[in-house]
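Note: the block below is my_file35.txt and it holds compact mmCIF, C-alpha atoms (C1' of nucleotides).
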# COMPACT_ATOMS: atom_id res chain seq x y z
CA MET J 1 75.20 -37.66 -3.91
CA PRO J 2 72.84 -39.34 -1.44
CA LYS J 3 72.86 -43.04 -2.13
CA ASP J 4 69.11 -43.32 -2.63
CA ALA J 5 69.34 -40.74 -5.43
CA ASP J 6 68.51 -41.61 -9.01
CA PRO J 7 69.03 -38.40 -10.95
CA ARG J 8 67.04 -37.84 -14.08
CA GLU J 9 68.97 -37.88 -17.32
CA CYS J 10 68.72 -34.33 -18.44
CA SER J 11 70.43 -31.87 -20.73
CA VAL J 12 69.73 -29.07 -18.29
CA ALA J 13 71.78 -30.82 -15.61
CA ASP J 14 74.52 -31.66 -18.08
CA THR J 15 74.73 -28.07 -19.26
CA LEU J 16 74.81 -26.82 -15.70
CA ASP J 17 77.76 -29.10 -15.05
CA LEU J 18 79.69 -26.98 -17.53
CA VAL J 19 78.42 -23.48 -16.88
CA GLY J 20 76.36 -23.71 -13.71
CA GLU J 21 78.83 -22.09 -11.35
CA ARG J 22 78.18 -18.54 -10.39
CA TRP J 23 81.06 -16.92 -12.25
CA SER J 24 81.04 -18.95 -15.43
CA LEU J 25 77.97 -17.35 -16.89
CA LEU J 26 79.11 -13.89 -15.83
CA ALA J 27 82.43 -14.47 -17.56
CA ILE J 28 80.53 -15.46 -20.67
CA ARG J 29 78.47 -12.32 -20.30
CA GLU J 30 81.64 -10.22 -20.33
CA LEU J 31 82.92 -12.00 -23.40
CA SER J 32 79.62 -11.34 -25.09
CA TYR J 33 80.09 -7.65 -24.30
CA GLY J 34 83.38 -7.82 -26.12
CA VAL J 35 85.64 -7.76 -23.07
CA ARG J 36 88.77 -9.75 -23.86
CA ARG J 37 91.17 -9.30 -20.94
CA PHE J 38 91.42 -11.15 -17.69
CA ASP J 39 91.65 -8.10 -15.48
CA GLN J 40 88.66 -6.48 -17.06
CA ILE J 41 86.58 -9.58 -16.52
CA VAL J 42 87.65 -9.60 -12.89
CA ARG J 43 86.63 -5.98 -12.49
CA ASN J 44 83.33 -6.21 -14.30
CA THR J 45 82.14 -9.37 -12.61
CA GLY J 46 83.61 -9.17 -9.12
CA ALA J 47 84.95 -12.71 -9.33
CA SER J 48 88.16 -13.46 -7.51
CA ARG J 49 91.14 -13.95 -9.78
CA ASP J 50 91.84 -17.56 -8.93
CA ILE J 51 88.26 -18.69 -9.41
CA LEU J 52 88.01 -16.82 -12.67
CA ALA J 53 91.21 -18.41 -13.91
CA SER J 54 89.91 -21.87 -13.14
CA ARG J 55 86.50 -21.14 -14.67
CA LEU J 56 88.05 -19.90 -17.88
CA ARG J 57 90.13 -23.07 -18.04
CA LYS J 58 87.07 -25.18 -17.61
CA LEU J 59 85.14 -23.26 -20.23
CA GLU J 60 88.06 -23.61 -22.60
CA ALA J 61 88.34 -27.32 -21.94
CA ASN J 62 84.68 -27.66 -22.86
CA GLY J 63 84.87 -25.71 -26.07
CA ILE J 64 82.93 -22.69 -24.89
CA VAL J 65 85.82 -20.27 -24.72
CA ARG J 66 88.88 -19.94 -26.91
CA ARG J 67 92.15 -18.36 -25.75
CA GLU J 68 94.31 -16.56 -28.20
CA ARG J 69 97.85 -15.58 -27.39
CA TYR J 70 98.61 -11.97 -28.09
CA SER J 71 102.03 -11.92 -26.46
CA ASP J 72 104.75 -14.36 -25.54
CA HIS J 73 107.04 -13.26 -22.74
CA PRO J 74 105.01 -12.87 -20.77
CA VAL J 75 102.41 -15.28 -22.07
CA ARG J 76 99.20 -13.33 -22.45
CA HIS J 77 95.88 -14.31 -23.90
CA GLU J 78 92.68 -12.81 -25.05
CA TYR J 79 89.47 -14.70 -24.52
CA TYR J 80 86.78 -15.28 -27.11
CA LEU J 81 83.54 -17.18 -27.24
CA THR J 82 83.45 -20.14 -29.58
CA PRO J 83 80.31 -20.71 -31.64
CA ALA J 84 79.05 -22.99 -28.86
CA GLY J 85 79.76 -20.23 -26.37
CA LEU J 86 77.89 -17.73 -28.46
CA GLU J 87 74.85 -19.94 -28.36
CA LEU J 88 74.95 -19.77 -24.59
CA CYS J 89 74.21 -16.08 -24.87
CA ASP J 90 70.62 -17.12 -25.41
CA VAL J 91 70.63 -18.28 -21.82
CA LEU J 92 71.94 -14.90 -20.73
CA LEU J 93 69.24 -13.09 -22.66
CA VAL J 94 66.52 -15.10 -21.01
CA LEU J 95 68.02 -14.64 -17.56
CA MET J 96 68.28 -10.94 -18.25
CA ARG J 97 64.71 -10.74 -19.34
CA TRP J 98 63.55 -12.46 -16.17
CA GLY J 99 65.60 -10.14 -14.00
CA ASP J 100 64.44 -7.09 -15.88
CA ARG J 101 60.81 -8.05 -15.40
CA HIS J 102 60.93 -9.24 -11.83
CA LEU J 103 63.77 -7.38 -10.18
CA HIS J 104 63.97 -4.12 -12.12
CA PRO J 105 60.48 -3.63 -13.51
CA ASP J 106 60.95 0.09 -14.02
CA ASP J 107 64.56 0.53 -15.01
CA PRO J 108 66.46 -2.32 -16.62
CA PRO J 109 70.20 -1.80 -16.05
CA VAL J 110 71.02 -2.60 -19.66
CA ARG J 111 69.03 -2.41 -22.86
CA TRP J 112 70.12 -4.00 -26.10
CA GLN J 113 69.06 -2.48 -29.32
CA HIS J 114 68.06 -5.11 -31.81
CA SER J 115 68.74 -4.80 -35.50
CA CYS J 116 65.04 -4.21 -36.04
CA GLY J 117 65.40 -0.85 -34.32
CA ASP J 118 63.47 -1.69 -31.20
CA THR J 119 64.82 -2.50 -27.78
CA LEU J 120 65.45 -6.21 -27.67
CA SER J 121 62.86 -8.06 -25.68
CA PRO J 122 63.76 -11.73 -25.80
CA MET J 123 61.09 -14.37 -25.97
CA VAL J 124 61.27 -18.14 -26.23
CA ILE J 125 59.20 -19.74 -28.96
CA CYS J 126 58.73 -23.12 -30.53
CA SER J 127 60.68 -22.89 -33.75
CA HIS J 128 58.15 -25.05 -35.56
CA CYS J 129 55.00 -23.08 -34.97
CA GLY J 130 56.39 -19.75 -33.79
CA ASN J 131 54.19 -19.63 -30.73
CA GLU J 132 55.41 -19.12 -27.21
CA ALA J 133 57.18 -22.25 -26.04
CA ARG J 134 56.08 -22.37 -22.43
CA MET J 135 52.40 -22.31 -23.26
CA GLY J 136 51.38 -25.72 -24.45
CA ALA J 137 54.63 -27.51 -23.73
CA HIS J 138 53.32 -30.91 -22.79
CA SER J 139 54.15 -34.55 -22.23
CA PRO J 140 57.86 -35.11 -21.98
CA THR J 141 59.12 -38.35 -23.51
CA GLY J 142 62.49 -40.08 -23.48
CA ARG J 143 65.03 -41.61 -21.10
CA GLY J 144 64.82 -38.73 -18.65
CA THR J 145 61.13 -39.24 -18.02
CA ARG J 146 59.55 -40.71 -14.91
CA THR J 147 56.15 -42.25 -14.55
CA PRO J 148 54.45 -40.56 -11.57
CA MET Y 1 84.61 -9.30 -3.57
CA PRO Y 2 88.09 -8.08 -4.50
CA LYS Y 3 88.32 -4.44 -3.57
CA ASP Y 4 89.34 -3.28 -7.02
CA ALA Y 5 86.15 -4.82 -8.41
CA ASP Y 6 83.42 -2.71 -9.88
CA PRO Y 7 80.74 -5.16 -10.94
CA ARG Y 8 78.49 -4.22 -13.78
CA GLU Y 9 74.88 -3.58 -12.89
CA CYS Y 10 73.14 -6.44 -14.55
CA SER Y 11 69.91 -8.36 -14.40
CA VAL Y 12 71.73 -11.54 -15.28
CA ALA Y 13 73.84 -11.27 -12.14
CA ASP Y 14 70.83 -10.34 -10.04
CA THR Y 15 68.86 -13.30 -11.32
CA LEU Y 16 71.77 -15.62 -10.69
CA ASP Y 17 71.84 -14.40 -7.10
CA LEU Y 18 68.44 -16.00 -6.72
CA VAL Y 19 68.69 -19.14 -8.79
CA GLY Y 20 72.36 -19.46 -9.68
CA GLU Y 21 73.23 -22.25 -7.28
CA ARG Y 22 73.53 -25.68 -8.75
CA TRP Y 23 70.41 -27.23 -7.27
CA SER Y 24 68.00 -24.34 -7.50
CA LEU Y 25 67.40 -24.65 -11.20
CA LEU Y 26 67.16 -28.42 -11.00
CA ALA Y 27 64.55 -28.10 -8.27
CA ILE Y 28 62.62 -25.76 -10.51
CA ARG Y 29 62.97 -28.30 -13.29
CA GLU Y 30 61.35 -30.94 -11.10
CA LEU Y 31 58.50 -28.61 -10.20
CA SER Y 32 57.99 -27.91 -13.86
CA TYR Y 33 57.69 -31.67 -14.40
CA GLY Y 34 54.91 -31.69 -11.85
CA VAL Y 35 56.89 -33.24 -9.00
CA ARG Y 36 55.52 -31.88 -5.72
CA ARG Y 37 57.20 -33.81 -2.92
CA PHE Y 38 60.49 -33.20 -1.18
CA ASP Y 39 61.73 -36.78 -1.38
CA GLN Y 40 60.97 -37.04 -5.06
CA ILE Y 41 62.90 -33.88 -5.78
CA VAL Y 42 65.82 -35.28 -3.81
CA ARG Y 43 65.73 -38.50 -5.80
CA ASN Y 44 65.30 -36.95 -9.21
CA THR Y 45 67.97 -34.30 -8.81
CA GLY Y 46 70.57 -35.94 -6.58
CA ALA Y 47 70.69 -32.94 -4.28
CA SER Y 48 71.37 -33.59 -0.63
CA ARG Y 49 68.38 -33.08 1.61
CA ASP Y 50 69.74 -30.20 3.64
CA ILE Y 51 70.84 -28.22 0.63
CA LEU Y 52 67.56 -28.81 -1.10
CA ALA Y 53 65.64 -27.67 1.96
CA SER Y 54 67.60 -24.44 2.11
CA ARG Y 55 67.27 -23.85 -1.64
CA LEU Y 56 63.52 -24.31 -1.51
CA ARG Y 57 63.37 -21.80 1.35
CA LYS Y 58 65.33 -19.31 -0.62
CA LEU Y 59 63.20 -19.80 -3.70
CA GLU Y 60 60.10 -19.40 -1.59
CA ALA Y 61 61.45 -16.24 0.03
CA ASN Y 62 62.00 -14.79 -3.42
CA GLY Y 63 58.56 -15.59 -4.75
CA ILE Y 64 59.63 -18.32 -7.16
CA VAL Y 65 58.19 -21.25 -5.26
CA ARG Y 66 55.05 -21.55 -3.18
CA ARG Y 67 54.57 -24.13 -0.41
CA GLU Y 68 51.17 -25.50 0.29
CA ARG Y 69 50.42 -27.45 3.42
CA TYR Y 70 48.70 -30.75 2.72
CA SER Y 71 48.90 -32.10 6.24
CA ASP Y 72 49.26 -30.76 9.75
CA HIS Y 73 50.66 -33.28 12.22
CA PRO Y 74 53.15 -33.77 10.83
CA VAL Y 75 53.49 -30.52 8.93
CA ARG Y 76 53.91 -31.44 5.28
CA HIS Y 77 54.01 -29.31 2.19
CA GLU Y 78 53.77 -29.58 -1.53
CA TYR Y 79 55.79 -27.27 -3.68
CA TYR Y 80 54.54 -25.29 -6.64
CA LEU Y 81 56.00 -22.76 -9.00
CA THR Y 82 54.61 -19.26 -8.77
CA PRO Y 83 53.98 -17.35 -12.00
CA ALA Y 84 57.47 -15.87 -11.66
CA GLY Y 85 58.83 -19.36 -11.23
CA LEU Y 86 57.03 -20.56 -14.30
CA GLU Y 87 58.71 -17.86 -16.31
CA LEU Y 88 62.06 -19.26 -15.24
CA CYS Y 89 61.21 -22.39 -17.18
CA ASP Y 90 62.23 -20.44 -20.26
CA VAL Y 91 65.75 -20.53 -18.91
CA LEU Y 92 65.50 -24.28 -18.51
CA LEU Y 93 64.28 -24.70 -22.05
CA VAL Y 94 67.21 -22.76 -23.43
CA LEU Y 95 69.69 -24.64 -21.29
CA MET Y 96 68.11 -27.88 -22.42
CA ARG Y 97 68.34 -26.90 -26.03
CA TRP Y 98 72.02 -26.08 -25.68
CA GLY Y 99 72.75 -29.37 -23.95
CA ASP Y 100 70.74 -31.30 -26.50
CA ARG Y 101 72.66 -29.74 -29.35
CA HIS Y 102 76.14 -29.83 -27.91
CA LEU Y 103 76.21 -32.72 -25.48
CA HIS Y 104 73.63 -35.13 -26.87
CA PRO Y 105 73.47 -34.34 -30.56
CA ASP Y 106 71.99 -37.69 -31.47
CA ASP Y 107 69.72 -38.61 -28.61
CA PRO Y 108 68.26 -35.92 -26.38
CA PRO Y 109 67.33 -37.42 -23.01
CA VAL Y 110 63.95 -35.72 -23.00
CA ARG Y 111 61.71 -34.42 -25.72
CA TRP Y 112 58.75 -32.16 -25.09
CA GLN Y 113 55.84 -32.28 -27.40
CA HIS Y 114 54.55 -28.83 -28.14
CA SER Y 115 50.88 -28.09 -28.61
CA CYS Y 116 51.54 -27.59 -32.31
CA GLY Y 117 52.19 -31.33 -32.60
CA ASP Y 118 55.90 -31.11 -33.25
CA THR Y 119 58.73 -31.78 -30.85
CA LEU Y 120 59.45 -28.55 -29.05
CA SER Y 121 62.61 -26.89 -30.28
CA PRO Y 122 63.03 -23.68 -28.31
CA MET Y 123 64.43 -20.59 -29.92
CA VAL Y 124 64.99 -17.08 -28.62
CA ILE Y 125 63.60 -14.27 -30.72
CA CYS Y 126 63.11 -10.55 -30.47
CA SER Y 127 59.45 -10.19 -29.64
CA HIS Y 128 59.20 -7.03 -31.73
CA CYS Y 129 60.38 -8.30 -35.08
CA GLY Y 130 60.22 -12.05 -34.57
CA ASN Y 131 63.73 -12.65 -35.78
CA GLU Y 132 66.38 -14.52 -33.88
CA ALA Y 133 67.55 -12.45 -30.94
CA ARG Y 134 71.24 -13.23 -30.96
CA MET Y 135 71.74 -12.16 -34.53
CA GLY Y 136 71.81 -8.43 -34.69
CA ALA Y 137 71.70 -7.75 -30.97
CA HIS Y 138 73.82 -4.63 -30.81
CA SER Y 139 74.87 -1.66 -28.75
CA PRO Y 140 73.93 -2.07 -25.14
CA THR Y 141 72.84 1.11 -23.36
CA GLY Y 142 72.08 1.90 -19.74
CA ARG Y 143 73.69 1.95 -16.30
CA GLY Y 144 75.32 -1.43 -16.74
CA THR Y 145 77.30 -0.31 -19.77
CA ARG Y 146 81.01 0.40 -19.89
CA THR Y 147 82.91 2.49 -22.37
CA PRO Y 148 85.83 0.37 -23.62
C1' DG Z 1 118.99 2.42 -14.94
C1' DG Z 2 115.48 3.15 -11.31
C1' DG Z 3 110.62 3.96 -10.02
C1' DG Z 4 106.00 3.30 -10.90
C1' DG Z 5 102.36 1.08 -13.45
C1' DT Z 6 99.81 -2.79 -15.72
C1' DG Z 7 98.44 -7.40 -16.86
C1' DA Z 8 97.84 -12.26 -15.72
C1' DG Z 9 97.95 -15.26 -13.08
C1' DT Z 10 99.57 -18.37 -8.50
C1' DT Z 11 99.84 -19.26 -3.54
C1' DG Z 12 98.29 -19.75 1.34
C1' DG Z 13 95.31 -19.54 4.89
C1' DA Z 14 90.78 -18.34 6.59
C1' DA Z 15 85.82 -18.54 5.85
C1' DA Z 16 81.80 -20.35 3.83
C1' DA Z 17 79.28 -23.74 1.38
C1' DC Z 18 78.51 -28.32 0.56
C1' DG Z 19 77.59 -33.37 1.18
C1' DC Z 20 76.24 -37.22 3.76
C1' DA Z 21 74.74 -40.17 7.17
C1' DA Z 22 72.07 -40.37 11.05
C1' DC Z 23 68.37 -38.87 13.83
C1' DG Z 24 63.42 -37.44 14.90
C1' DG Z 25 58.74 -37.65 15.05
C1' DA Z 26 54.35 -38.28 13.24
C1' DG Z 27 51.89 -41.16 10.88
C1' DG Z 28 50.49 -45.68 8.03
C1' DT Z 29 50.81 -50.83 7.22
C1' DG Z 30 51.08 -55.89 8.18
C1' DC G 1 54.19 -54.04 17.82
C1' DA G 2 57.72 -53.82 14.37
C1' DC G 3 58.59 -51.74 10.23
C1' DC G 4 58.24 -48.37 6.61
C1' DT G 5 57.47 -43.57 4.50
C1' DC G 6 57.82 -38.80 4.34
C1' DC G 7 60.09 -34.36 5.54
C1' DG G 8 63.02 -32.28 7.14
C1' DT G 9 67.14 -30.95 10.86
C1' DT G 10 71.63 -31.71 13.18
C1' DG G 11 76.53 -32.70 13.47
C1' DC G 12 80.61 -33.17 11.36
C1' DG G 13 84.02 -33.73 7.92
C1' DT G 14 85.34 -32.36 3.20
C1' DT G 15 85.49 -29.32 -0.64
C1' DT G 16 85.09 -24.63 -2.63
C1' DT G 17 85.39 -20.10 -2.44
C1' DC G 18 87.29 -15.97 -1.21
C1' DC G 19 90.70 -12.44 -0.66
C1' DA G 20 95.00 -10.35 -0.10
C1' DA G 21 99.56 -10.63 -1.18
C1' DC G 22 103.15 -12.20 -4.13
C1' DT G 23 105.44 -13.14 -8.52
C1' DC G 24 106.96 -12.42 -13.23
C1' DA G 25 107.59 -9.80 -17.07
C1' DC G 26 106.97 -6.15 -19.63
C1' DC G 27 106.16 -0.67 -20.46
C1' DC G 28 106.85 4.17 -19.91
C1' DC G 29 109.09 8.10 -18.12
C1' DC G 30 112.60 10.56 -16.24

As structure tokens - that is how I would like this structure written.
Amino acid sequence: MPKDADPRECSVADTLDLVGERWSLLAIRELSYGVRRFDQIVRNTGASRDILASRLRKLEANGIVRRERYSDHPVRHEYYLTPAGLELCDVLLVLMRWGDRHLHPDDPPVRWQHSCGDTLSPMVICSHCGNEARMGAHSPTGRGTRTP
Amino acid sequence: MPKDADPRECSVADTLDLVGERWSLLAIRELSYGVRRFDQIVRNTGASRDILASRLRKLEANGIVRRERYSDHPVRHEYYLTPAGLELCDVLLVLMRWGDRHLHPDDPPVRWQHSCGDTLSPMVICSHCGNEARMGAHSPTGRGTRTP
DNA sequence: GGGGGTGAGTTGGAAAACGCAACGGAGGTG
DNA sequence: CACCTCCGTTGCGTTTTCCAACTCACCCCC
């Protein structure tokens, strides 16, 4: 950190400290697809094995992933998302939507079918009024705010 | 990439290729706060100057950030989000919400006031039916899908 | 029991990314 | 003129990342 820095207090930064590395979110993506085994996550993401091992540890330490032993001798685990991890899938949906719109406008690589029958098209709203969140998001207040 | 890897085609991964590095999203956060100057972004994020310079270049090359010259001699720029960049703020909102809930349950560092008058509390819904997206998101289809 | 296969890591060394201080240069201020 | 600001860029050392290879320990089949 440069010594003249004075980083804003911010939940975005704090969340990125936990899941901001390249392979963490992709590992969570695999878990959300129902993949449970280390080797499969390696294959489906392209992460190297050592990095993935350390990312899964970190995610576990932070309550995002849970390991469950399905064999002793040798010790083997399956990986699951905790409830907190499941909530992170919202982030994945929004990232996916952005990529679908801006990088694959004609042919999204994956479509999710929502329970309503339509193809899921995620959107971020204000849960109080139901309108789009980005429009009309104004005036931040709190410790993380700066004057100019 | 390990040679036995077979990464899933995925808009999440493709989006992370553009903005997945630690400081990219925080730079976008600053731009969304209205910060325009290089030094301010350095201060508010804690990024080192060289990394930030290269991230801003990359974001500009990918149409997420626009530079506007406000002085020749010396050449100086202000940074703005493009429309595509603005859409990425949805990602920030969802990350913020997760951090607020799980890391700062009692005192979120920043609150945004939404145009509806309430404090913004972002939520991801299916834009077709209006219900929460995560619940009932089922059965992915498309090139990025795998059988087991 | 031996050979081949799988699954989940760990290790070691090379390559890349990162972080920081220091520098530059063009201007503005006292 | 001396000093300060703003926006980067350069050099260099440190930290991560990456990948292949190795290790265990089991499984199946012959």

Return the single residue from Y:His73, Y:His138, Y:Arg36, Y:His102 that is closest to chain Z, with distances computed using only C-alpha atoms (C1' of nucleotides).
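Using only C-alpha atoms (C1' of nucleotides), chain Z sits closest to Y:His73.
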
Sorted per-residue table, chain G near range 2-25 of chain Z, closest atoms and distance, 9 Å, only C-alpha atoms (C1' of nucleotides), as a tab-separated table:
residue	atom	partner	partner_atom	distance
G:DT9	C1'	Z:DG24	C1'	8.5
G:DT10	C1'	Z:DC23	C1'	7.9
G:DT14	C1'	Z:DG19	C1'	8.1
G:DT15	C1'	Z:DC18	C1'	7.2
G:DT16	C1'	Z:DA17	C1'	7.1
G:DT17	C1'	Z:DA16	C1'	7.2
G:DC18	C1'	Z:DA15	C1'	7.7
G:DA21	C1'	Z:DT11	C1'	9.0
G:DC22	C1'	Z:DT11	C1'	7.8
G:DT23	C1'	Z:DT10	C1'	7.9
G:DC26	C1'	Z:DT6	C1'	8.8
G:DC27	C1'	Z:DG5	C1'	8.2
G:DC28	C1'	Z:DG5	C1'	8.5

Keeping C-alpha atoms (C1' of nucleotides), export the residues of the selection given above as a PDB file, in the coordinates of the input.
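File produced: part-v4.pdb:
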ATOM      1  C1'  DT G   9      67.140 -30.950  10.860  1.00  0.00           C
ATOM      2  C1'  DT G  10      71.630 -31.710  13.180  1.00  0.00           C
ATOM      3  C1'  DT G  14      85.340 -32.360   3.200  1.00  0.00           C
ATOM      4  C1'  DT G  15      85.490 -29.320  -0.640  1.00  0.00           C
ATOM      5  C1'  DT G  16      85.090 -24.630  -2.630  1.00  0.00           C
ATOM      6  C1'  DT G  17      85.390 -20.100  -2.440  1.00  0.00           C
ATOM      7  C1'  DC G  18      87.290 -15.970  -1.210  1.00  0.00           C
ATOM      8  C1'  DA G  21      99.560 -10.630  -1.180  1.00  0.00           C
ATOM      9  C1'  DC G  22     103.150 -12.200  -4.130  1.00  0.00           C
ATOM     10  C1'  DT G  23     105.440 -13.140  -8.520  1.00  0.00           C
ATOM     11  C1'  DC G  26     106.970  -6.150 -19.630  1.00  0.00           C
ATOM     12  C1'  DC G  27     106.160  -0.670 -20.460  1.00  0.00           C
ATOM     13  C1'  DC G  28     106.850   4.170 -19.910  1.00  0.00           C
TER      14       DC G  28
END

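Counting all atoms listed in the file, the residue from Y:Ala27, Y:Ala84, Y:Leu103, Y:Leu92 that sits nearest to Pro122 in chain Y is Y:Leu92.
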
Which protein, DNA or RNA residues have an atom at most 10 Å from (61.9, -16.4, -24.0), counting all atoms listed in the file? List them as a ChimeraX atom specification.
/J:90-91,93-95,97-98,121-126,132-134 /Y:87-91,93-94,122-127,133

Distance limit 9 Å, atoms considered: all atoms listed in the file. Which chain Y residues sit that close to chain G? Return them as a compact mmCIF listing (two decimals) with C-alpha atoms, keeping the file's coordinate frame.
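Contents of out35.txt, as written:
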# COMPACT_ATOMS: atom_id res chain seq x y z
CA MET Y 1 84.61 -9.30 -3.57
CA PRO Y 2 88.09 -8.08 -4.50
CA LYS Y 3 88.32 -4.44 -3.57
CA ARG Y 37 57.20 -33.81 -2.92
CA PHE Y 38 60.49 -33.20 -1.18
CA ASP Y 39 61.73 -36.78 -1.38
CA ARG Y 49 68.38 -33.08 1.61
CA ASP Y 50 69.74 -30.20 3.64
CA ALA Y 53 65.64 -27.67 1.96
CA PRO Y 74 53.15 -33.77 10.83
CA VAL Y 75 53.49 -30.52 8.93
CA ARG Y 76 53.91 -31.44 5.28
CA HIS Y 77 54.01 -29.31 2.19

Separation of CA of Val19 in chain Y from CA of Leu56 in chain J in Å
21.4 Å

How far is it from CA of Pro109 in chain J to CA of Glu21 in chain Y, in Å with one decimal?
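Pair CA of Pro109 in chain J / CA of Glu21 in chain Y returns 22.5 Å.
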
Residue with the minimum atom-to-atom distance to chain J, picked from Y:Lys58, Y:Arg101, Y:Arg66, Y:His114 with all atoms listed in the file counted, is Y:His114

Selected range 11-27 of chain Z, written as a short mmCIF file (atom, residue, chain, number, x, y, z; two decimals), in the first residue's frame, N, CA and C atoms (P, O5', C5', C4', C3', O3' and C1' of nucleotides):
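Result file is decode_24.cif:
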data_model
loop_
_atom_site.label_atom_id
_atom_site.label_comp_id
_atom_site.auth_asym_id
_atom_site.auth_seq_id
_atom_site.Cartn_x
_atom_site.Cartn_y
_atom_site.Cartn_z
P DT Z 11 4.30 -30.06 1.04
"O5'" DT Z 11 5.29 -30.09 -0.20
"C5'" DT Z 11 5.82 -31.33 -0.66
"C4'" DT Z 11 6.73 -31.10 -1.85
"C3'" DT Z 11 7.63 -29.86 -1.74
"O3'" DT Z 11 8.95 -30.23 -2.09
"C1'" DT Z 11 6.43 -29.84 -3.78
P DG Z 12 10.20 -29.33 -1.76
"O5'" DG Z 12 10.60 -28.84 -3.23
"C5'" DG Z 12 10.58 -29.76 -4.31
"C4'" DG Z 12 11.07 -29.08 -5.57
"C3'" DG Z 12 11.94 -27.85 -5.35
"O3'" DG Z 12 12.90 -27.78 -6.40
"C1'" DG Z 12 9.95 -27.21 -6.47
P DG Z 13 14.12 -26.77 -6.28
"O5'" DG Z 13 14.02 -26.01 -7.68
"C5'" DG Z 13 13.76 -26.75 -8.87
"C4'" DG Z 13 13.11 -25.85 -9.88
"C3'" DG Z 13 13.79 -24.48 -10.02
"O3'" DG Z 13 13.90 -24.16 -11.40
"C1'" DG Z 13 11.49 -24.19 -9.65
P DA Z 14 14.76 -22.91 -11.87
"O5'" DA Z 14 13.85 -22.26 -13.00
"C5'" DA Z 14 13.20 -23.09 -13.96
"C4'" DA Z 14 11.94 -22.39 -14.44
"C3'" DA Z 14 12.17 -20.97 -14.96
"O3'" DA Z 14 11.52 -20.84 -16.21
"C1'" DA Z 14 10.47 -20.97 -13.30
P DA Z 15 11.66 -19.47 -17.07
"O5'" DA Z 15 10.27 -18.74 -16.86
"C5'" DA Z 15 9.06 -19.43 -17.13
"C4'" DA Z 15 7.90 -18.56 -16.71
"C3'" DA Z 15 7.98 -17.11 -17.23
"O3'" DA Z 15 6.76 -16.83 -17.89
"C1'" DA Z 15 7.61 -17.16 -14.88
P DA Z 16 6.54 -15.42 -18.67
"O5'" DA Z 16 5.58 -14.63 -17.68
"C5'" DA Z 16 4.36 -15.25 -17.27
"C4'" DA Z 16 3.78 -14.50 -16.09
"C3'" DA Z 16 3.56 -13.00 -16.33
"O3'" DA Z 16 2.17 -12.77 -16.24
"C1'" DA Z 16 4.57 -13.43 -14.20
P DA Z 17 1.54 -11.29 -16.46
"O5'" DA Z 17 1.29 -10.82 -14.95
"C5'" DA Z 17 0.58 -11.68 -14.08
"C4'" DA Z 17 0.64 -11.13 -12.68
"C3'" DA Z 17 0.25 -9.65 -12.57
"O3'" DA Z 17 -0.76 -9.55 -11.59
"C1'" DA Z 17 2.33 -10.06 -11.48
P DC Z 18 -1.47 -8.16 -11.26
"O5'" DC Z 18 -0.63 -7.66 -10.00
"C5'" DC Z 18 -0.46 -8.56 -8.90
"C4'" DC Z 18 0.53 -7.98 -7.93
"C3'" DC Z 18 0.28 -6.53 -7.53
"O3'" DC Z 18 -0.08 -6.51 -6.18
"C1'" DC Z 18 2.59 -6.98 -7.91
P DG Z 19 -0.57 -5.18 -5.47
"O5'" DG Z 19 0.80 -4.59 -4.92
"C5'" DG Z 19 1.50 -5.29 -3.91
"C4'" DG Z 19 2.66 -4.44 -3.47
"C3'" DG Z 19 2.30 -2.97 -3.27
"O3'" DG Z 19 2.79 -2.57 -2.01
"C1'" DG Z 19 4.15 -3.19 -4.77
P DC Z 20 2.39 -1.16 -1.44
"O5'" DC Z 20 3.75 -0.35 -1.59
"C5'" DC Z 20 4.96 -0.96 -1.16
"C4'" DC Z 20 6.13 -0.16 -1.63
"C3'" DC Z 20 5.92 1.35 -1.56
"O3'" DC Z 20 6.93 1.94 -0.78
"C1'" DC Z 20 6.78 0.71 -3.68
P DA Z 21 6.70 3.39 -0.17
"O5'" DA Z 21 8.12 4.05 -0.42
"C5'" DA Z 21 9.27 3.21 -0.47
"C4'" DA Z 21 10.21 3.68 -1.56
"C3'" DA Z 21 10.37 5.21 -1.60
"O3'" DA Z 21 11.75 5.52 -1.63
"C1'" DA Z 21 9.80 4.38 -3.75
P DA Z 22 12.24 7.03 -1.55
"O5'" DA Z 22 12.78 7.33 -3.01
"C5'" DA Z 22 13.44 6.31 -3.75
"C4'" DA Z 22 13.55 6.73 -5.20
"C3'" DA Z 22 13.71 8.24 -5.39
"O3'" DA Z 22 14.69 8.48 -6.38
"C1'" DA Z 22 11.88 7.48 -6.64
P DC Z 23 15.28 9.94 -6.61
"O5'" DC Z 23 14.85 10.25 -8.12
"C5'" DC Z 23 15.15 9.30 -9.14
"C4'" DC Z 23 14.27 9.56 -10.34
"C3'" DC Z 23 14.27 11.01 -10.81
"O3'" DC Z 23 14.77 11.07 -12.13
"C1'" DC Z 23 12.06 10.13 -10.71
P DG Z 24 15.09 12.53 -12.81
"O5'" DG Z 24 13.77 12.80 -13.66
"C5'" DG Z 24 13.40 11.90 -14.69
"C4'" DG Z 24 12.18 12.45 -15.41
"C3'" DG Z 24 12.25 13.95 -15.67
"O3'" DG Z 24 12.05 14.20 -17.06
"C1'" DG Z 24 10.26 13.40 -14.42
P DG Z 25 12.30 15.64 -17.67
"O5'" DG Z 25 11.12 15.80 -18.73
"C5'" DG Z 25 9.89 15.13 -18.54
"C4'" DG Z 25 8.76 16.13 -18.28
"C3'" DG Z 25 9.20 17.60 -18.37
"O3'" DG Z 25 8.09 18.34 -18.84
"C1'" DG Z 25 8.28 17.21 -16.31
P DA Z 26 8.12 19.19 -20.21
"O5'" DA Z 26 6.71 19.91 -20.28
"C5'" DA Z 26 5.51 19.18 -19.98
"C4'" DA Z 26 4.68 19.93 -18.98
"C3'" DA Z 26 4.90 21.45 -18.97
"O3'" DA Z 26 3.66 22.10 -19.17
"C1'" DA Z 26 4.90 20.58 -16.78
P DG Z 27 3.55 23.62 -19.62
"O5'" DG Z 27 3.02 24.33 -18.29
"C5'" DG Z 27 1.69 24.14 -17.93
"C4'" DG Z 27 1.57 24.02 -16.43
"C3'" DG Z 27 1.48 25.35 -15.70
"O3'" DG Z 27 0.12 25.75 -15.57
"C1'" DG Z 27 2.62 23.63 -14.47
#
